[in-house]
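File shown: coords-v5.cif (mmCIF, C-alpha atoms and all ligand atoms; chains and numbers go by the auth columns).
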data_my_file
loop_
_atom_site.group_PDB
_atom_site.id
_atom_site.type_symbol
_atom_site.label_atom_id
_atom_site.label_comp_id
_atom_site.label_asym_id
_atom_site.label_seq_id
_atom_site.Cartn_x
_atom_site.Cartn_y
_atom_site.Cartn_z
_atom_site.B_iso_or_equiv
_atom_site.auth_seq_id
_atom_site.auth_asym_id
ATOM 1 C CA MET A 1 0.000 0.000 0.000 0.00 1 A
ATOM 2 C CA GLY A 2 2.686 2.493 1.034 0.00 2 A
ATOM 3 C CA CYS A 3 5.544 1.492 -1.285 0.00 3 A
ATOM 4 C CA GLY A 4 3.387 -0.166 -3.910 0.00 4 A
ATOM 5 C CA ALA A 5 4.513 -3.756 -3.178 0.00 5 A
ATOM 6 C CA ALA A 6 1.821 -6.433 -3.371 0.00 6 A
ATOM 7 C CA THR A 7 0.228 -7.446 -0.068 0.00 7 A
ATOM 8 C CA ALA A 8 -1.865 -10.471 0.929 0.00 8 A
ATOM 9 C CA GLU A 9 -4.811 -8.251 1.829 0.00 9 A
ATOM 10 C CA PRO A 10 -6.023 -5.093 0.112 0.00 10 A
ATOM 11 C CA HIS A 11 -5.365 -1.769 1.908 0.00 11 A
ATOM 12 C CA ALA A 12 -2.532 -3.236 3.952 0.00 12 A
ATOM 13 C CA LEU A 13 1.153 -2.475 4.404 0.00 13 A
ATOM 14 C CA CYS A 14 3.843 -4.849 3.146 0.00 14 A
ATOM 15 C CA PRO A 15 6.212 -6.391 5.753 0.00 15 A
ATOM 16 C CA ALA A 16 9.030 -3.983 4.841 0.00 16 A
ATOM 17 C CA CYS A 17 6.769 -0.945 5.363 0.00 17 A
ATOM 18 C CA TRP A 18 5.509 -2.392 8.647 0.00 18 A
ATOM 19 C CA SER A 19 9.014 -2.847 9.953 0.00 19 A
ATOM 20 C CA GLY A 20 9.774 0.776 9.073 0.00 20 A
ATOM 21 C CA LEU A 21 7.051 2.012 11.423 0.00 21 A
ATOM 22 C CA SER A 22 8.111 3.150 14.914 0.00 22 A
ATOM 23 C CA LEU A 23 4.823 2.270 16.558 0.00 23 A
ATOM 24 C CA ILE A 24 4.068 3.989 19.855 0.00 24 A
ATOM 25 C CA GLU A 25 3.172 1.701 22.717 0.00 25 A
ATOM 26 C CA ARG A 26 3.035 2.121 26.473 0.00 26 A
ATOM 27 C CA PRO A 27 4.887 3.420 28.412 0.00 27 A
ATOM 28 C CA PHE A 28 4.022 6.848 27.024 0.00 28 A
ATOM 29 C CA CYS A 29 3.113 10.201 28.514 0.00 29 A
ATOM 30 C CA GLU A 30 -0.580 9.933 29.366 0.00 30 A
ATOM 31 C CA ARG A 31 -1.065 13.574 28.390 0.00 31 A
ATOM 32 C CA LEU A 32 1.063 14.019 25.245 0.00 32 A
ATOM 33 C CA GLY A 33 1.170 10.401 24.076 0.00 33 A
ATOM 34 C CA THR A 34 4.940 10.638 23.518 0.00 34 A
ATOM 35 C CA PRO A 35 6.921 7.485 24.324 0.00 35 A
ATOM 36 C CA PHE A 36 9.346 7.018 27.181 0.00 36 A
ATOM 37 C CA ALA A 37 12.643 5.286 26.539 0.00 37 A
ATOM 38 C CA LEU A 38 12.298 3.176 29.699 0.00 38 A
ATOM 39 C CA ASP A 39 9.438 1.389 31.396 0.00 39 A
ATOM 40 C CA LEU A 40 9.830 2.327 35.058 0.00 40 A
ATOM 41 C CA GLY A 41 6.911 0.117 35.975 0.00 41 A
ATOM 42 C CA ILE A 42 4.976 2.966 37.555 0.00 42 A
ATOM 43 C CA GLY A 43 2.070 4.878 36.163 0.00 43 A
ATOM 44 C CA PRO A 44 0.189 6.788 34.988 0.00 44 A
ATOM 45 C CA LEU A 45 3.189 8.710 33.700 0.00 45 A
ATOM 46 C CA LEU A 46 3.544 12.311 32.650 0.00 46 A
ATOM 47 C CA SER A 47 6.490 13.625 30.685 0.00 47 A
ATOM 48 C CA PRO A 48 8.492 16.609 31.973 0.00 48 A
ATOM 49 C CA ARG A 49 7.215 18.575 28.968 0.00 49 A
ATOM 50 C CA ALA A 50 3.563 17.852 29.830 0.00 50 A
ATOM 51 C CA ILE A 51 4.195 19.036 33.393 0.00 51 A
ATOM 52 C CA ALA A 52 6.173 22.136 32.408 0.00 52 A
ATOM 53 C CA GLU A 53 3.859 23.164 29.571 0.00 53 A
ATOM 54 C CA PRO A 54 0.476 21.452 29.960 0.00 54 A
ATOM 55 C CA PRO A 55 -1.246 21.324 26.578 0.00 55 A
ATOM 56 C CA VAL A 56 -4.660 22.861 25.939 0.00 56 A
ATOM 57 C CA PHE A 57 -6.007 19.516 24.706 0.00 57 A
ATOM 58 C CA ALA A 58 -6.656 16.886 27.356 0.00 58 A
ATOM 59 C CA ARG A 59 -4.789 13.894 25.854 0.00 59 A
ATOM 60 C CA ALA A 60 -2.935 13.201 22.621 0.00 60 A
ATOM 61 C CA ARG A 61 -2.304 9.863 20.953 0.00 61 A
ATOM 62 C CA ALA A 62 -0.489 8.933 17.749 0.00 62 A
ATOM 63 C CA VAL A 63 0.135 5.727 15.852 0.00 63 A
ATOM 64 C CA ALA A 64 3.853 6.150 15.279 0.00 64 A
ATOM 65 C CA LEU A 65 6.852 8.402 15.479 0.00 65 A
ATOM 66 C CA TYR A 66 7.236 10.702 12.497 0.00 66 A
ATOM 67 C CA ASP A 67 10.055 8.853 10.771 0.00 67 A
ATOM 68 C CA GLY A 68 10.574 6.030 8.238 0.00 68 A
ATOM 69 C CA THR A 69 7.310 4.613 6.902 0.00 69 A
ATOM 70 C CA ALA A 70 5.132 7.015 8.921 0.00 70 A
ATOM 71 C CA ARG A 71 6.762 10.019 7.284 0.00 71 A
ATOM 72 C CA ASP A 72 6.469 8.381 3.841 0.00 72 A
ATOM 73 C CA LEU A 73 2.771 7.664 4.360 0.00 73 A
ATOM 74 C CA VAL A 74 2.041 11.222 5.519 0.00 74 A
ATOM 75 C CA HIS A 75 3.978 12.703 2.586 0.00 75 A
ATOM 76 C CA ARG A 76 2.333 10.427 0.030 0.00 76 A
ATOM 77 C CA LEU A 77 -1.127 11.219 1.376 0.00 77 A
ATOM 78 C CA LYS A 78 -0.533 14.944 1.658 0.00 78 A
ATOM 79 C CA TYR A 79 1.754 15.819 -1.232 0.00 79 A
ATOM 80 C CA GLY A 80 1.453 12.762 -3.478 0.00 80 A
ATOM 81 C CA ASP A 81 -2.326 12.753 -3.817 0.00 81 A
ATOM 82 C CA ARG A 82 -2.491 9.204 -2.429 0.00 82 A
ATOM 83 C CA LEU A 83 -5.935 9.736 -0.928 0.00 83 A
ATOM 84 C CA ASP A 84 -6.412 5.976 -0.766 0.00 84 A
ATOM 85 C CA LEU A 85 -3.851 5.822 2.067 0.00 85 A
ATOM 86 C CA ALA A 86 -6.316 7.517 4.424 0.00 86 A
ATOM 87 C CA ARG A 87 -8.070 4.206 4.836 0.00 87 A
ATOM 88 C CA VAL A 88 -5.107 2.201 6.132 0.00 88 A
ATOM 89 C CA MET A 89 -3.821 5.148 8.168 0.00 89 A
ATOM 90 C CA GLY A 90 -7.293 5.721 9.635 0.00 90 A
ATOM 91 C CA ARG A 91 -7.463 2.073 10.635 0.00 91 A
ATOM 92 C CA MET A 92 -4.231 2.376 12.591 0.00 92 A
ATOM 93 C CA MET A 93 -5.391 5.645 14.130 0.00 93 A
ATOM 94 C CA ALA A 94 -8.659 4.092 15.278 0.00 94 A
ATOM 95 C CA ALA A 95 -6.607 1.422 17.074 0.00 95 A
ATOM 96 C CA ALA A 96 -4.114 3.873 18.619 0.00 96 A
ATOM 97 C CA GLY A 97 -6.959 6.176 19.697 0.00 97 A
ATOM 98 C CA ARG A 98 -9.230 3.457 21.089 0.00 98 A
ATOM 99 C CA GLU A 99 -9.267 4.892 24.626 0.00 99 A
ATOM 100 C CA LEU A 100 -9.992 8.400 23.396 0.00 100 A
ATOM 101 C CA LEU A 101 -12.646 7.252 20.949 0.00 101 A
ATOM 102 C CA ALA A 102 -14.519 5.442 23.729 0.00 102 A
ATOM 103 C CA GLU A 103 -15.097 8.880 25.272 0.00 103 A
ATOM 104 C CA THR A 104 -15.671 10.848 22.053 0.00 104 A
ATOM 105 C CA ASP A 105 -18.993 12.390 21.041 0.00 105 A
ATOM 106 C CA LEU A 106 -17.798 14.042 17.851 0.00 106 A
ATOM 107 C CA ILE A 107 -14.707 13.927 15.634 0.00 107 A
ATOM 108 C CA VAL A 108 -13.405 17.229 14.243 0.00 108 A
ATOM 109 C CA PRO A 109 -10.543 17.404 11.708 0.00 109 A
ATOM 110 C CA VAL A 110 -8.023 20.245 11.832 0.00 110 A
ATOM 111 C CA PRO A 111 -9.252 22.453 8.976 0.00 111 A
ATOM 112 C CA LEU A 112 -7.193 23.986 6.192 0.00 112 A
ATOM 113 C CA HIS A 113 -7.605 27.612 5.205 0.00 113 A
ATOM 114 C CA GLY A 114 -9.849 27.997 2.141 0.00 114 A
ATOM 115 C CA LEU A 115 -6.932 29.039 -0.050 0.00 115 A
ATOM 116 C CA ARG A 116 -4.814 26.019 0.897 0.00 116 A
ATOM 117 C CA LEU A 117 -7.800 23.709 0.486 0.00 117 A
ATOM 118 C CA TRP A 118 -8.379 25.131 -2.982 0.00 118 A
ATOM 119 C CA ARG A 119 -4.723 24.539 -3.915 0.00 119 A
ATOM 120 C CA ARG A 120 -4.459 21.034 -2.436 0.00 120 A
ATOM 121 C CA ARG A 121 -8.036 20.095 -3.382 0.00 121 A
ATOM 122 C CA PHE A 122 -8.473 17.988 -0.244 0.00 122 A
ATOM 123 C CA ASN A 123 -7.865 18.167 3.479 0.00 123 A
ATOM 124 C CA GLN A 124 -5.800 15.149 4.549 0.00 124 A
ATOM 125 C CA SER A 125 -6.998 15.534 8.146 0.00 125 A
ATOM 126 C CA ALA A 126 -10.632 15.398 7.042 0.00 126 A
ATOM 127 C CA LEU A 127 -9.921 12.191 5.097 0.00 127 A
ATOM 128 C CA LEU A 128 -8.293 10.657 8.180 0.00 128 A
ATOM 129 C CA ALA A 129 -11.106 11.879 10.450 0.00 129 A
ATOM 130 C CA ARG A 130 -13.725 10.327 8.173 0.00 130 A
ATOM 131 C CA ALA A 131 -11.859 7.012 8.076 0.00 131 A
ATOM 132 C CA VAL A 132 -11.498 6.957 11.879 0.00 132 A
ATOM 133 C CA GLY A 133 -15.152 7.927 12.368 0.00 133 A
ATOM 134 C CA ARG A 134 -16.374 5.209 10.034 0.00 134 A
ATOM 135 C CA LEU A 135 -14.404 2.515 11.862 0.00 135 A
ATOM 136 C CA ALA A 136 -15.127 3.745 15.382 0.00 136 A
ATOM 137 C CA GLN A 137 -18.738 4.583 14.534 0.00 137 A
ATOM 138 C CA ARG A 138 -18.425 8.140 15.721 0.00 138 A
ATOM 139 C CA PRO A 139 -19.879 11.136 13.877 0.00 139 A
ATOM 140 C CA CYS A 140 -17.521 13.507 12.143 0.00 140 A
ATOM 141 C CA ASP A 141 -18.173 17.243 11.761 0.00 141 A
ATOM 142 C CA LEU A 142 -16.092 18.886 9.022 0.00 142 A
ATOM 143 C CA GLN A 143 -17.608 22.330 9.639 0.00 143 A
ATOM 144 C CA ALA A 144 -17.235 22.543 13.422 0.00 144 A
ATOM 145 C CA LEU A 145 -13.959 24.437 13.204 0.00 145 A
ATOM 146 C CA ALA A 146 -12.810 26.982 10.629 0.00 146 A
ATOM 147 C CA ARG A 147 -9.310 28.184 9.793 0.00 147 A
ATOM 148 C CA VAL A 148 -9.872 31.892 9.498 0.00 148 A
ATOM 149 C CA LYS A 149 -6.241 32.944 9.034 0.00 149 A
ATOM 150 C CA ALA A 150 -4.060 31.892 6.096 0.00 150 A
ATOM 151 C CA THR A 151 -1.053 30.835 8.186 0.00 151 A
ATOM 152 C CA ARG A 152 2.444 30.058 6.850 0.00 152 A
ATOM 153 C CA PRO A 153 3.167 26.319 6.680 0.00 153 A
ATOM 154 C CA GLN A 154 4.512 25.133 10.068 0.00 154 A
ATOM 155 C CA VAL A 155 7.417 23.350 8.371 0.00 155 A
ATOM 156 C CA GLY A 156 10.730 25.101 9.047 0.00 156 A
ATOM 157 C CA LEU A 157 9.437 27.279 11.902 0.00 157 A
ATOM 158 C CA THR A 158 10.762 27.195 15.471 0.00 158 A
ATOM 159 C CA ARG A 159 8.576 26.167 18.380 0.00 159 A
ATOM 160 C CA ALA A 160 7.813 29.785 19.333 0.00 160 A
ATOM 161 C CA GLN A 161 7.179 30.764 15.699 0.00 161 A
ATOM 162 C CA ARG A 162 4.769 27.845 15.273 0.00 162 A
ATOM 163 C CA ALA A 163 2.666 28.965 18.249 0.00 163 A
ATOM 164 C CA GLN A 164 2.809 32.590 17.068 0.00 164 A
ATOM 165 C CA ASN A 165 1.861 31.599 13.522 0.00 165 A
ATOM 166 C CA LEU A 166 -1.359 29.995 14.745 0.00 166 A
ATOM 167 C CA GLN A 167 -2.587 32.763 17.006 0.00 167 A
ATOM 168 C CA GLY A 168 -6.186 33.494 16.123 0.00 168 A
ATOM 169 C CA ALA A 169 -6.041 30.982 13.263 0.00 169 A
ATOM 170 C CA PHE A 170 -9.081 28.925 14.270 0.00 170 A
ATOM 171 C CA ARG A 171 -12.658 29.817 15.111 0.00 171 A
ATOM 172 C CA VAL A 172 -15.860 27.913 15.733 0.00 172 A
ATOM 173 C CA PRO A 173 -18.460 29.306 13.327 0.00 173 A
ATOM 174 C CA GLU A 174 -21.594 30.611 15.093 0.00 174 A
ATOM 175 C CA ALA A 175 -23.729 27.988 13.361 0.00 175 A
ATOM 176 C CA ALA A 176 -21.543 25.147 14.697 0.00 176 A
ATOM 177 C CA ARG A 177 -21.675 26.187 18.366 0.00 177 A
ATOM 178 C CA PRO A 178 -24.827 24.225 19.249 0.00 178 A
ATOM 179 C CA ARG A 179 -23.271 21.087 17.719 0.00 179 A
ATOM 180 C CA ILE A 180 -20.163 21.157 19.929 0.00 180 A
ATOM 181 C CA ALA A 181 -21.606 22.706 23.123 0.00 181 A
ATOM 182 C CA GLY A 182 -20.865 20.471 26.116 0.00 182 A
ATOM 183 C CA ARG A 183 -19.504 17.697 23.909 0.00 183 A
ATOM 184 C CA ARG A 184 -16.296 15.668 24.089 0.00 184 A
ATOM 185 C CA LEU A 185 -14.416 16.207 20.862 0.00 185 A
ATOM 186 C CA LEU A 186 -11.623 14.314 19.177 0.00 186 A
ATOM 187 C CA LEU A 187 -9.481 16.574 17.042 0.00 187 A
ATOM 188 C CA VAL A 188 -7.781 14.737 14.160 0.00 188 A
ATOM 189 C CA ASP A 189 -4.630 15.800 12.308 0.00 189 A
ATOM 190 C CA ASP A 190 -1.909 14.056 10.315 0.00 190 A
ATOM 191 C CA VAL A 191 1.121 15.026 12.423 0.00 191 A
ATOM 192 C CA THR A 192 1.945 16.705 15.725 0.00 192 A
ATOM 193 C CA THR A 193 5.314 18.382 15.948 0.00 193 A
ATOM 194 C CA THR A 194 5.292 20.947 18.749 0.00 194 A
ATOM 195 C CA GLY A 195 1.580 20.652 19.480 0.00 195 A
ATOM 196 C CA ALA A 196 1.001 24.283 18.448 0.00 196 A
ATOM 197 C CA THR A 197 -1.719 23.341 15.948 0.00 197 A
ATOM 198 C CA GLY A 198 -3.431 20.985 18.408 0.00 198 A
ATOM 199 C CA ASN A 199 -3.311 23.632 21.127 0.00 199 A
ATOM 200 C CA ALA A 200 -4.629 26.463 18.950 0.00 200 A
ATOM 201 C CA ALA A 201 -7.435 24.326 17.540 0.00 201 A
ATOM 202 C CA ALA A 202 -8.349 22.916 20.967 0.00 202 A
ATOM 203 C CA ARG A 203 -8.386 26.428 22.446 0.00 203 A
ATOM 204 C CA ALA A 204 -10.860 27.596 19.794 0.00 204 A
ATOM 205 C CA LEU A 205 -13.086 24.547 20.331 0.00 205 A
ATOM 206 C CA LEU A 206 -13.117 24.999 24.122 0.00 206 A
ATOM 207 C CA ARG A 207 -13.899 28.702 23.687 0.00 207 A
ATOM 208 C CA GLY A 208 -16.659 27.632 21.330 0.00 208 A
ATOM 209 C CA GLY A 209 -18.263 25.589 24.122 0.00 209 A
ATOM 210 C CA ALA A 210 -16.751 22.074 23.850 0.00 210 A
ATOM 211 C CA LYS A 211 -16.473 20.187 27.130 0.00 211 A
ATOM 212 C CA GLN A 212 -13.214 18.399 26.345 0.00 212 A
ATOM 213 C CA VAL A 213 -10.840 18.108 23.401 0.00 213 A
ATOM 214 C CA ASP A 214 -8.482 15.188 22.778 0.00 214 A
ATOM 215 C CA LEU A 215 -6.044 14.962 19.864 0.00 215 A
ATOM 216 C CA LEU A 216 -5.406 11.992 17.591 0.00 216 A
ATOM 217 C CA THR A 217 -2.748 12.132 14.884 0.00 217 A
ATOM 218 C CA PHE A 218 -1.138 9.561 12.658 0.00 218 A
ATOM 219 C CA ALA A 219 2.374 10.531 13.681 0.00 219 A
ATOM 220 C CA THR A 220 4.165 12.564 16.293 0.00 220 A
ATOM 221 C CA VAL A 221 7.655 13.984 16.276 0.00 221 A
ATOM 222 C CA ALA A 222 9.926 12.229 18.768 0.00 222 A
ATOM 223 C CA VAL A 223 10.457 14.291 21.873 0.00 223 A
ATOM 224 C CA GLN A 224 12.149 12.329 24.593 0.00 224 A
ATOM 225 C CA GLY A 225 10.238 12.297 27.896 0.00 225 A
HETATM 226 O O1 LIG B . 1.747 22.652 15.038 0.00 1 B
HETATM 227 P P1 LIG B . 2.776 21.581 15.139 0.00 1 B
HETATM 228 O O2 LIG B . 2.378 20.469 16.080 0.00 1 B
HETATM 229 O O3 LIG B . 4.132 22.129 15.484 0.00 1 B
HETATM 230 O O4 LIG B . 2.973 20.943 13.690 0.00 1 B
HETATM 231 C C1 LIG B . 2.031 20.079 13.106 0.00 1 B
HETATM 232 C C2 LIG B . 1.231 20.740 12.004 0.00 1 B
HETATM 233 O O5 LIG B . 2.082 21.139 10.954 0.00 1 B
HETATM 234 C C3 LIG B . 1.569 20.650 9.719 0.00 1 B
HETATM 235 O O6 LIG B . 2.578 20.408 8.800 0.00 1 B
HETATM 236 C C4 LIG B . 0.807 19.395 10.100 0.00 1 B
HETATM 237 O O7 LIG B . -0.141 19.049 9.136 0.00 1 B
HETATM 238 C C5 LIG B . 0.193 19.795 11.425 0.00 1 B
HETATM 239 O O8 LIG B . -1.031 20.472 11.221 0.00 1 B
#

Here is a file; write its structure as C-alpha cells.
Ligand SMILES: O=P(O)(O)OC[C@H]1O[C@@H](O)[C@H](O)[C@@H]1O
Amino acid sequence: MGCGAATAEPHALCPACWSGLSLIERPFCERLGTPFALDLGIGPLLSPRAIAEPPVFARARAVALYDGTARDLVHRLKYGDRLDLARVMGRMMAAAGRELLAETDLIVPVPLHGLRLWRRRFNQSALLARAVGRLAQRPCDLQALARVKATRPQVGLTRAQRAQNLQGAFRVPEAARPRIAGRRLLLVDDVTTTGATGNAAARALLRGGAKQVDLLTFATVAVQG
C-alpha cells in the first residue's frame, strides 16, 4: 500500500513498510502520548514537557513516530495525492486512539484555510477523520472548526514561531456552536510536531463551548520524555 509492493490483503502495508514504522506503545506520557525510553513500571506517567507546559487539549495519541514509513505515508497522502492511504492510516489511528474514541462524542478534523484547500483540493486531516469515524462509529463534523487565518506552513518554523503563527487561526463558526456545546471532541490531524496546531485548535473549540478536546494524529515527532 505504502511502497506499492503487493500485499496479501487489500489496503494493507507490506512487511518492509511495517518494519519501518516506529509504533508507539506504552509506556508513554498519558497527556502528550509521547513514548518514554524506559518502562519504570509505575504509572500513569507524565512527561516533563507535559508538566512544564500542559497542553490545551486533554490527551494526545499517535500511531507512530514521524520517521521512516510514517513520514512516507504522511507525505504520500498529503503531497502525493495518495488519498487511498487515508483508509489504512485511519485504521491504525482508530486502534491507537481506542481509549480516546470510547469517550468521544464528535470527531473534528483540523481544517485547512480555504486558499490552501483550494490549492491542495483535499484536506488530509478530514480524510483521516472520516476514516477513523467510520471505523469507530463516531460522527464527524467537518464544519465545526474553521481556519480563518491563512497561516504560513509550520514546516521550518521554530517552536515559538509555530505557536505565534497559529494565534487566532481557528474559530468555531456561530452555526456550529450548538453542535459542539458540552460535547467531548476528538481533534484529528496528520502530524503533531510541537503541538502548536493541536493547542490552537483545541483552544478555539473549548472557547466555542466544547467540554473536552483530545487529539489523535497519525504521527508525532519524537520528543524524549
Ligand atoms: O503545530 P505543530 O504540532 O508544530 O505541527 C504540526 C502541524 O504542521 C503541519 O505540517 C501538520 O499538518 C500539522 O497540522

Q: Compute the set of protein, DNA and RNA residues whose minimum atom distance to ligand LIG 1 (chain B) is at most 8 Å, using all atoms listed in the file, and state it as a VMD selection string.
A: chain A and resid 110 125 153 to 155 159 162 to 163 166 189 to 199

Q. Exactly which residues make up the result of the PyMOL selection byres (((chain A and resi 173-176) around 8) and not hetatm) on this file, given as an NGL selection string?
A. :A and (143-146 or 171-172 or 177-180)

Q: Have a look at atom CA of A:Leu117 and atom CA of A:Ala150 and let me know their distance in Å, one decimal.
A: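 Pair atom CA of A:Leu117 / atom CA of A:Ala150 returns 10.6 Å.
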
Q.
Starting from the PyMOL selection byres (((chain A and resi 181) around 10) and not hetatm), expand the selection into actual residues of this file and give them as a PyMOL selection string.
A. chain A and resi 176-180+182-185+205-212

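Note on the selection: in this file the PyMOL selection byres (((chain A and resi 63-70) around 8) and not hetatm) comes out as Gly2, Cys17, Trp18, Gly20, Leu21, Ser22, Leu23, Ile24, Arg61, Ala62, Arg71, Asp72, Leu73, Val74, Met92, Met93, Ala96, Val191, Thr217, Phe218, Ala219, Thr220, Val221 and Ala222 of chain A.
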
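Minimum atom-to-atom distances from A:Pro111, A:Gly156, A:Pro55, A:Gly33 to A:Glu99 were compared using only C-alpha atoms, and the lowest value belongs to A:Gly33.
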
Q: Mind checking which residues fall within 10 Å of A:Arg82, counting all atoms listed in the file, ignoring those fewer than 3 positions away in the same chain, and posting them as a VMD selection string?
A: chain A and resid 1 to 2 73 to 79 85 to 86 124

Selection to disk with C-alpha atoms, as a compact mmCIF listing (two decimals), keeping the file's coordinate frame:
# COMPACT_ATOMS: atom_id res chain seq x y z
CA MET A 1 0.00 0.00 0.00
CA GLY A 2 2.69 2.49 1.03
CA LEU A 73 2.77 7.66 4.36
CA VAL A 74 2.04 11.22 5.52
CA HIS A 75 3.98 12.70 2.59
CA ARG A 76 2.33 10.43 0.03
CA LEU A 77 -1.13 11.22 1.38
CA LYS A 78 -0.53 14.94 1.66
CA TYR A 79 1.75 15.82 -1.23
CA LEU A 85 -3.85 5.82 2.07
CA ALA A 86 -6.32 7.52 4.42
CA GLN A 124 -5.80 15.15 4.55

Fill-in result for stretch 73-87 of chain A, N, CA, C and O atoms as a PDB file, in the frame of the given file:
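Saved result, out.pdb, follows:
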ATOM      1  N   LEU A  73       4.228   7.743   4.531  1.00  0.00           N
ATOM      2  CA  LEU A  73       2.771   7.664   4.360  1.00  0.00           C
ATOM      3  C   LEU A  73       2.149   9.058   4.413  1.00  0.00           C
ATOM      4  O   LEU A  73       1.308   9.403   3.583  1.00  0.00           O
ATOM      5  N   VAL A  74       2.593   9.863   5.395  1.00  0.00           N
ATOM      6  CA  VAL A  74       2.041  11.222   5.519  1.00  0.00           C
ATOM      7  C   VAL A  74       2.355  12.029   4.257  1.00  0.00           C
ATOM      8  O   VAL A  74       1.477  12.685   3.692  1.00  0.00           O
ATOM      9  N   HIS A  75       3.592  11.930   3.784  1.00  0.00           N
ATOM     10  CA  HIS A  75       3.978  12.703   2.586  1.00  0.00           C
ATOM     11  C   HIS A  75       3.210  12.237   1.357  1.00  0.00           C
ATOM     12  O   HIS A  75       2.778  13.054   0.558  1.00  0.00           O
ATOM     13  N   ARG A  76       3.041  10.921   1.215  1.00  0.00           N
ATOM     14  CA  ARG A  76       2.333  10.427   0.030  1.00  0.00           C
ATOM     15  C   ARG A  76       0.874  10.859   0.054  1.00  0.00           C
ATOM     16  O   ARG A  76       0.306  11.221  -0.967  1.00  0.00           O
ATOM     17  N   LEU A  77       0.276  10.794   1.246  1.00  0.00           N
ATOM     18  CA  LEU A  77      -1.127  11.219   1.376  1.00  0.00           C
ATOM     19  C   LEU A  77      -1.258  12.711   1.065  1.00  0.00           C
ATOM     20  O   LEU A  77      -2.094  13.124   0.270  1.00  0.00           O
ATOM     21  N   LYS A  78      -0.387  13.487   1.697  1.00  0.00           N
ATOM     22  CA  LYS A  78      -0.533  14.944   1.658  1.00  0.00           C
ATOM     23  C   LYS A  78      -0.028  15.578   0.365  1.00  0.00           C
ATOM     24  O   LYS A  78      -0.695  16.430  -0.208  1.00  0.00           O
ATOM     25  N   TYR A  79       1.154  15.156  -0.067  1.00  0.00           N
ATOM     26  CA  TYR A  79       1.754  15.819  -1.232  1.00  0.00           C
ATOM     27  C   TYR A  79       1.710  14.958  -2.485  1.00  0.00           C
ATOM     28  O   TYR A  79       1.988  15.442  -3.571  1.00  0.00           O
ATOM     29  N   GLY A  80       1.425  13.660  -2.322  1.00  0.00           N
ATOM     30  CA  GLY A  80       1.453  12.762  -3.478  1.00  0.00           C
ATOM     31  C   GLY A  80       0.077  12.356  -3.950  1.00  0.00           C
ATOM     32  O   GLY A  80      -0.054  11.436  -4.756  1.00  0.00           O
ATOM     33  N   ASP A  81      -0.935  13.025  -3.395  1.00  0.00           N
ATOM     34  CA  ASP A  81      -2.326  12.753  -3.817  1.00  0.00           C
ATOM     35  C   ASP A  81      -2.733  11.293  -3.628  1.00  0.00           C
ATOM     36  O   ASP A  81      -3.587  10.802  -4.354  1.00  0.00           O
ATOM     37  N   ARG A  82      -2.105  10.599  -2.678  1.00  0.00           N
ATOM     38  CA  ARG A  82      -2.491   9.204  -2.429  1.00  0.00           C
ATOM     39  C   ARG A  82      -3.623   9.163  -1.401  1.00  0.00           C
ATOM     40  O   ARG A  82      -3.458   8.706  -0.267  1.00  0.00           O
ATOM     41  N   LEU A  83      -4.790   9.638  -1.830  1.00  0.00           N
ATOM     42  CA  LEU A  83      -5.935   9.736  -0.928  1.00  0.00           C
ATOM     43  C   LEU A  83      -6.370   8.373  -0.399  1.00  0.00           C
ATOM     44  O   LEU A  83      -6.946   8.265   0.672  1.00  0.00           O
ATOM     45  N   ASP A  84      -6.047   7.331  -1.173  1.00  0.00           N
ATOM     46  CA  ASP A  84      -6.412   5.976  -0.766  1.00  0.00           C
ATOM     47  C   ASP A  84      -5.723   5.549   0.533  1.00  0.00           C
ATOM     48  O   ASP A  84      -6.206   4.669   1.239  1.00  0.00           O
ATOM     49  N   LEU A  85      -4.585   6.207   0.857  1.00  0.00           N
ATOM     50  CA  LEU A  85      -3.851   5.822   2.067  1.00  0.00           C
ATOM     51  C   LEU A  85      -4.614   6.175   3.342  1.00  0.00           C
ATOM     52  O   LEU A  85      -4.341   5.627   4.411  1.00  0.00           O
ATOM     53  N   ALA A  86      -5.566   7.092   3.226  1.00  0.00           N
ATOM     54  CA  ALA A  86      -6.316   7.517   4.424  1.00  0.00           C
ATOM     55  C   ALA A  86      -7.004   6.329   5.088  1.00  0.00           C
ATOM     56  O   ALA A  86      -7.151   6.301   6.307  1.00  0.00           O
ATOM     57  N   ARG A  87      -7.350   5.345   4.281  1.00  0.00           N
ATOM     58  CA  ARG A  87      -8.070   4.206   4.836  1.00  0.00           C
ATOM     59  C   ARG A  87      -7.186   3.369   5.776  1.00  0.00           C
ATOM     60  O   ARG A  87      -7.557   3.091   6.913  1.00  0.00           O
TER      61      ARG A  87
END
